[in-house]
Amino acid sequence: MASKKITKQKKTVIEKPAVDPKVYRNIKIILAIVVAAFAIILYAQSVTFSYTLDDATVTVGNRFINQGFAGIPMILKTDYWAGYNEFIRGPVYRPVPLIVAAIEWQLSPDSPHFYHAMNILLYALSCLVLFLFLCKLFKKQNMLLPFICSILYAAHPIHTEVVDSIKSCDEILCFLFAILSMTLFVKWIEKNSIIYLILGVICYFLSILSKETGITFLVIIPLALFAFTNASMKKILTATLMIVVVSGIFFFIRSKVFEGLVNHNFDSPLNNSLFAAPDNAGRIATAFYILLKYIQLLIFPHPLSSDYSYNQIKIQTLSDLPALIGIVVYFGLGIYAVWQIRKKSIIAFAILFYLITLSPVSNLIIHIGSTMAERFIFIPSLGFCLALAFLLVKLTKSEIIKSKFTAIGQFFSMNKTVFILVFIIAGLYSFKTFDRSKDWKGNVELFQHDVTVADSSARAHYNWGTCLMANLYIKETNPTLKSNYLNKAINEFQTAVKIFPVFPDAYRSLAGALEDVKDYEDELKAYEILVQFDRRPDSTIFDNLGILYSRYKKWDKALNYLDSATIYFPNYAKAYNNKAFVYLNLQKSQEAIDASEKAIKINPNYAKPYCYIGCGYLNQGKYQKAIEYLNKSLIFDPKDEETRRFLGTAYKANGELEKAKMFLGDSK
């Protein structure tokens, strides 16, 4: 039998001549500019936006920021909240974003437009640096993967909260310095120059000084060096040791800053719904449910919200399907990534990047001060974008094409199949990003939109109610619209306390709104409920309760609350004045005079206490002294009808009838 010769045909690949490195570098620069320009165009509209949400904490409401350059020394040696509210303090140390905010204030004081412009530029710079870093990290690949990943990252709608919120500049700076650090470490491996190592360590330090979550790059940096460079184990250990030392320095400085700081409890379910779980199993189940929602928002970013607090995220059990799916998905991803990273897999690295950078805010390691937030996946989303870009390249087999293009046009034409898919996805992302950004124009737009998305959130209803009062009701001149805004605000506050029955701020705001509609009975109920569970002494609440009980002539109860107001806040002139009013109604003239004198001692320009002293003397038959003090009251408030009437009565009682007529008319 004749033997058959079997010929195995091989696919012929025609290699093109090597590209001039200068041409390749120029194309890379053009693509980097395209990425940055794309990011700027997407968010350009936010330059016209105002302050929203927590922006005041790092702008108008922060006394250190308002000092510009002069405030920087205090920023360096105090916690994050010190300049905003000395009563709301916590173990957060982020001097870099506060210093940047102070510099921005110095350059353009109280300008939300300038702050927004800087956020956009920093975001665009981050996307540009990201592209250049990925080009360096994946230098064995062409620029296709870095470009697609960077475009997807720039466009992803999940980033709108960070870019459009001035306060979230800390996230951008943390990411920017972390990527710069990784770039410099890779450069150190390539060039073997210690200067790159030092600069890399400095950038890492600036990253964790921007936000504590930058600490995750303590793991990410060695992982990247292992997977995608030819670094020896000695060099990887050297880099790791350097950043461990810097991390130790950070925690030492942080501990010194926090010495003597009394931490407030942030374990309220209002801040983090997981605290409402009946046991640890419920907390773990709910945490994995939230982690599953993060993946859902990365794949399909709709709807988006600035609020996921109680009770928007329902407490789960380990038998609930969403929680079980979350556990299976995350354990599956983790096991696959750990197993495949040995093969230096890009997908494995992308998954590990996502899991590691998400871990501090996962509510699995520690329970943080929030249930869930879109800003928490600003950095982890890079892992998702990298994985998606890699899968798109794989799907279209674009990785077969070598980097032999000599012009920017060739870069796109040679990869047109993958770019069709990329442009569709990035186009949809961009549309959502542009549309969602409009909601961040101001608090009215943001809270009005988000209360419909987070309709089960007590805080979302409270925020919208507060916005209705502060931004619409107060400024409205049309009586009908003004009344509508007030009634809507009351409804929002009532919804908030219905969802979370121990919500102090909502009860305070509800009581204030009820005061405006003169619903004193319900206002009194709101304050009474508030003082039952809110153990923080609040002189304003005690004073208001004193006034309300005075309206119903329950003088003893009124006096008890007013006494509490002056005990907790001895310099509260208004409370002493209200005590004088109660004493007068109890026919205790001398006590009324004494209380009024204390009010005047605190505030000599306070008109009403002079009036009540005059009334006290009038009751005692000391008419000349009564006239003296009532006239003093009119100096500070000439139009007060009550004071004028009492003065007329005093003149009449003193026999000065002509003067009495000036204030009482011809009435007898």
# chains A, B, ... in the order shown; residues from 1 in each chain; ligands from 1
$ select_by_dssp --residues "range 123-242 of chain A" --states "alpha helix (DSSP H)" --output "PyMOL selection string"
chain A and resi 123-137+144-155+160-164+169-191+194-210+217-228+233-242
$ residues_around --residues "Thr540 in chain A" --least-positions-apart "6" --cutoff "12 Å" --atoms "only C-alpha atoms" --output "VMD selection string"
chain A and resid 508 511 to 512 527 531 546 to 547 561 to 566 568 to 569 572 to 575 578
$ atom_distance --atom1 "CA of Asn463 in chain A" --atom2 "CA of Phe447 in chain A"
6.4 Å
$ residues_around --residues "Asn484 in chain A" --least-positions-apart "3" --cutoff "12 Å" --atoms "only C-alpha atoms" --output "VMD selection string"
chain A and resid 468 to 469 472 to 474 476 to 481 487 to 491 517
$ closest_atom_pairs --of "range 245-364 of chain A" --to "range 68-86 of chain A" --cutoff "9 Å" --atoms "only C-alpha atoms" --output "CSV"
residue,atom,partner,partner_atom,distance
A:Ile253,CA,A:Lys77,CA,8.8
A:Arg254,CA,A:Asp79,CA,8.4
A:Lys256,CA,A:Lys77,CA,8.6
A:Val257,CA,A:Thr78,CA,5.7
A:Phe258,CA,A:Asp79,CA,6.9
A:Leu261,CA,A:Asp79,CA,8.9
$ write_last_selection --atoms "all heavy atoms" --output "mmCIF file, in the first residue's frame"
data_model
loop_
_atom_site.group_PDB
_atom_site.id
_atom_site.type_symbol
_atom_site.label_atom_id
_atom_site.label_comp_id
_atom_site.auth_asym_id
_atom_site.auth_seq_id
_atom_site.Cartn_x
_atom_site.Cartn_y
_atom_site.Cartn_z
ATOM 1 N N ILE A 253 1.620 58.761 61.845
ATOM 2 C CA ILE A 253 1.160 60.160 61.776
ATOM 3 C C ILE A 253 -0.323 60.235 62.125
ATOM 4 O O ILE A 253 -0.769 61.091 62.887
ATOM 5 C CB ILE A 253 1.411 60.744 60.367
ATOM 6 C CG1 ILE A 253 2.914 60.828 60.092
ATOM 7 C CG2 ILE A 253 0.766 62.120 60.232
ATOM 8 C CD1 ILE A 253 3.247 61.199 58.656
ATOM 9 N N ARG A 254 -1.076 59.311 61.564
ATOM 10 C CA ARG A 254 -2.529 59.259 61.785
ATOM 11 C C ARG A 254 -2.849 59.094 63.272
ATOM 12 O O ARG A 254 -3.735 59.761 63.806
ATOM 13 C CB ARG A 254 -3.096 58.096 60.971
ATOM 14 C CG ARG A 254 -4.599 57.997 60.882
ATOM 15 C CD ARG A 254 -4.958 56.901 59.888
ATOM 16 N NE ARG A 254 -6.389 56.742 59.745
ATOM 17 C CZ ARG A 254 -7.143 55.922 60.463
ATOM 18 N NH1 ARG A 254 -6.573 55.181 61.399
ATOM 19 N NH2 ARG A 254 -8.443 55.834 60.256
ATOM 20 N N LYS A 256 -1.004 59.964 65.792
ATOM 21 C CA LYS A 256 -0.643 61.189 66.502
ATOM 22 C C LYS A 256 -1.709 62.266 66.326
ATOM 23 O O LYS A 256 -2.040 63.012 67.259
ATOM 24 C CB LYS A 256 0.715 61.711 66.013
ATOM 25 C CG LYS A 256 1.897 60.877 66.469
ATOM 26 C CD LYS A 256 2.026 60.897 67.982
ATOM 27 C CE LYS A 256 3.207 60.081 68.472
ATOM 28 N NZ LYS A 256 3.275 60.052 69.958
ATOM 29 N N VAL A 257 -2.257 62.351 65.108
ATOM 30 C CA VAL A 257 -3.304 63.332 64.823
ATOM 31 C C VAL A 257 -4.550 63.043 65.654
ATOM 32 O O VAL A 257 -5.224 63.948 66.133
ATOM 33 C CB VAL A 257 -3.650 63.335 63.316
ATOM 34 C CG1 VAL A 257 -4.912 64.151 63.047
ATOM 35 C CG2 VAL A 257 -2.487 63.896 62.510
ATOM 36 N N PHE A 258 -4.834 61.762 65.851
ATOM 37 C CA PHE A 258 -6.063 61.366 66.540
ATOM 38 C C PHE A 258 -5.920 61.275 68.052
ATOM 39 O O PHE A 258 -6.878 60.935 68.740
ATOM 40 C CB PHE A 258 -6.563 60.007 66.018
ATOM 41 C CG PHE A 258 -6.950 60.037 64.571
ATOM 42 C CD1 PHE A 258 -6.894 58.887 63.802
ATOM 43 C CD2 PHE A 258 -7.359 61.210 63.966
ATOM 44 C CE1 PHE A 258 -7.245 58.910 62.465
ATOM 45 C CE2 PHE A 258 -7.709 61.253 62.628
ATOM 46 C CZ PHE A 258 -7.655 60.104 61.878
ATOM 47 N N LEU A 261 -8.640 62.548 70.490
ATOM 48 C CA LEU A 261 -9.880 62.737 69.735
ATOM 49 C C LEU A 261 -10.933 61.747 70.220
ATOM 50 O O LEU A 261 -10.700 60.538 70.242
ATOM 51 C CB LEU A 261 -9.628 62.534 68.238
ATOM 52 C CG LEU A 261 -10.842 62.639 67.317
ATOM 53 C CD1 LEU A 261 -11.395 64.061 67.340
ATOM 54 C CD2 LEU A 261 -10.472 62.259 65.890
#
$ residues_around --residues "range 51-63 of chain A" --least-positions-apart "2" --cutoff "10 Å" --atoms "only C-alpha atoms" --output "ChimeraX atom specification"
/A:49,65-68,71,80-85,97-102,104-105,109-113,115-116,164-169,306,440-447,463
$ atom_distance --atom1 "CA of Cys467 in chain A" --atom2 "CA of Arg536 in chain A"
24.8 Å
$ residues_around --residues "Pro269 in chain A" --least-positions-apart "6" --cutoff "7 Å" --atoms "only C-alpha atoms" --output "mmCIF file with N, CA and C atoms, in the first residue's frame"
data_model
loop_
_atom_site.group_PDB
_atom_site.id
_atom_site.type_symbol
_atom_site.label_atom_id
_atom_site.label_comp_id
_atom_site.auth_asym_id
_atom_site.auth_seq_id
_atom_site.Cartn_x
_atom_site.Cartn_y
_atom_site.Cartn_z
ATOM 1 N N PHE A 275 -26.045 47.454 60.285
ATOM 2 C CA PHE A 275 -26.173 47.468 61.738
ATOM 3 C C PHE A 275 -27.592 47.102 62.180
ATOM 4 N N ALA A 276 -28.511 47.073 61.230
ATOM 5 C CA ALA A 276 -29.884 46.670 61.551
ATOM 6 C C ALA A 276 -30.069 45.162 61.438
ATOM 7 N N TYR A 310 -30.419 53.464 54.865
ATOM 8 C CA TYR A 310 -31.574 52.752 55.415
ATOM 9 C C TYR A 310 -32.897 53.340 54.890
#
$ atom_distance --atom1 "CA of Pro504 in chain A" --atom2 "CA of Asp522 in chain A"
15.7 Å
$ residues_around --residues "range 23-32 of chain A" --least-positions-apart "2" --cutoff "7 Å" --atoms "only C-alpha atoms" --output "list in words"
Val19, Asp20, Pro21, Val34, Val35, Ala36, Leu128, Phe131, Leu132, Thr406, Ala407 and Ile408 of chain A
$ residues_around --residues "Ala350 in chain A" --least-positions-apart "3" --cutoff "12 Å" --atoms "only C-alpha atoms" --output "MDAnalysis selection string"
chainID A and resid 134 149 220 223:224 227 333:334 336:338 340:341 344:347 353:357 379:391
$ closest_residue --among "A:Lys622, A:Lys554, A:Arg283, A:Arg645" --to "Thr371 in chain A" --atoms "only C-alpha atoms"
A:Arg283
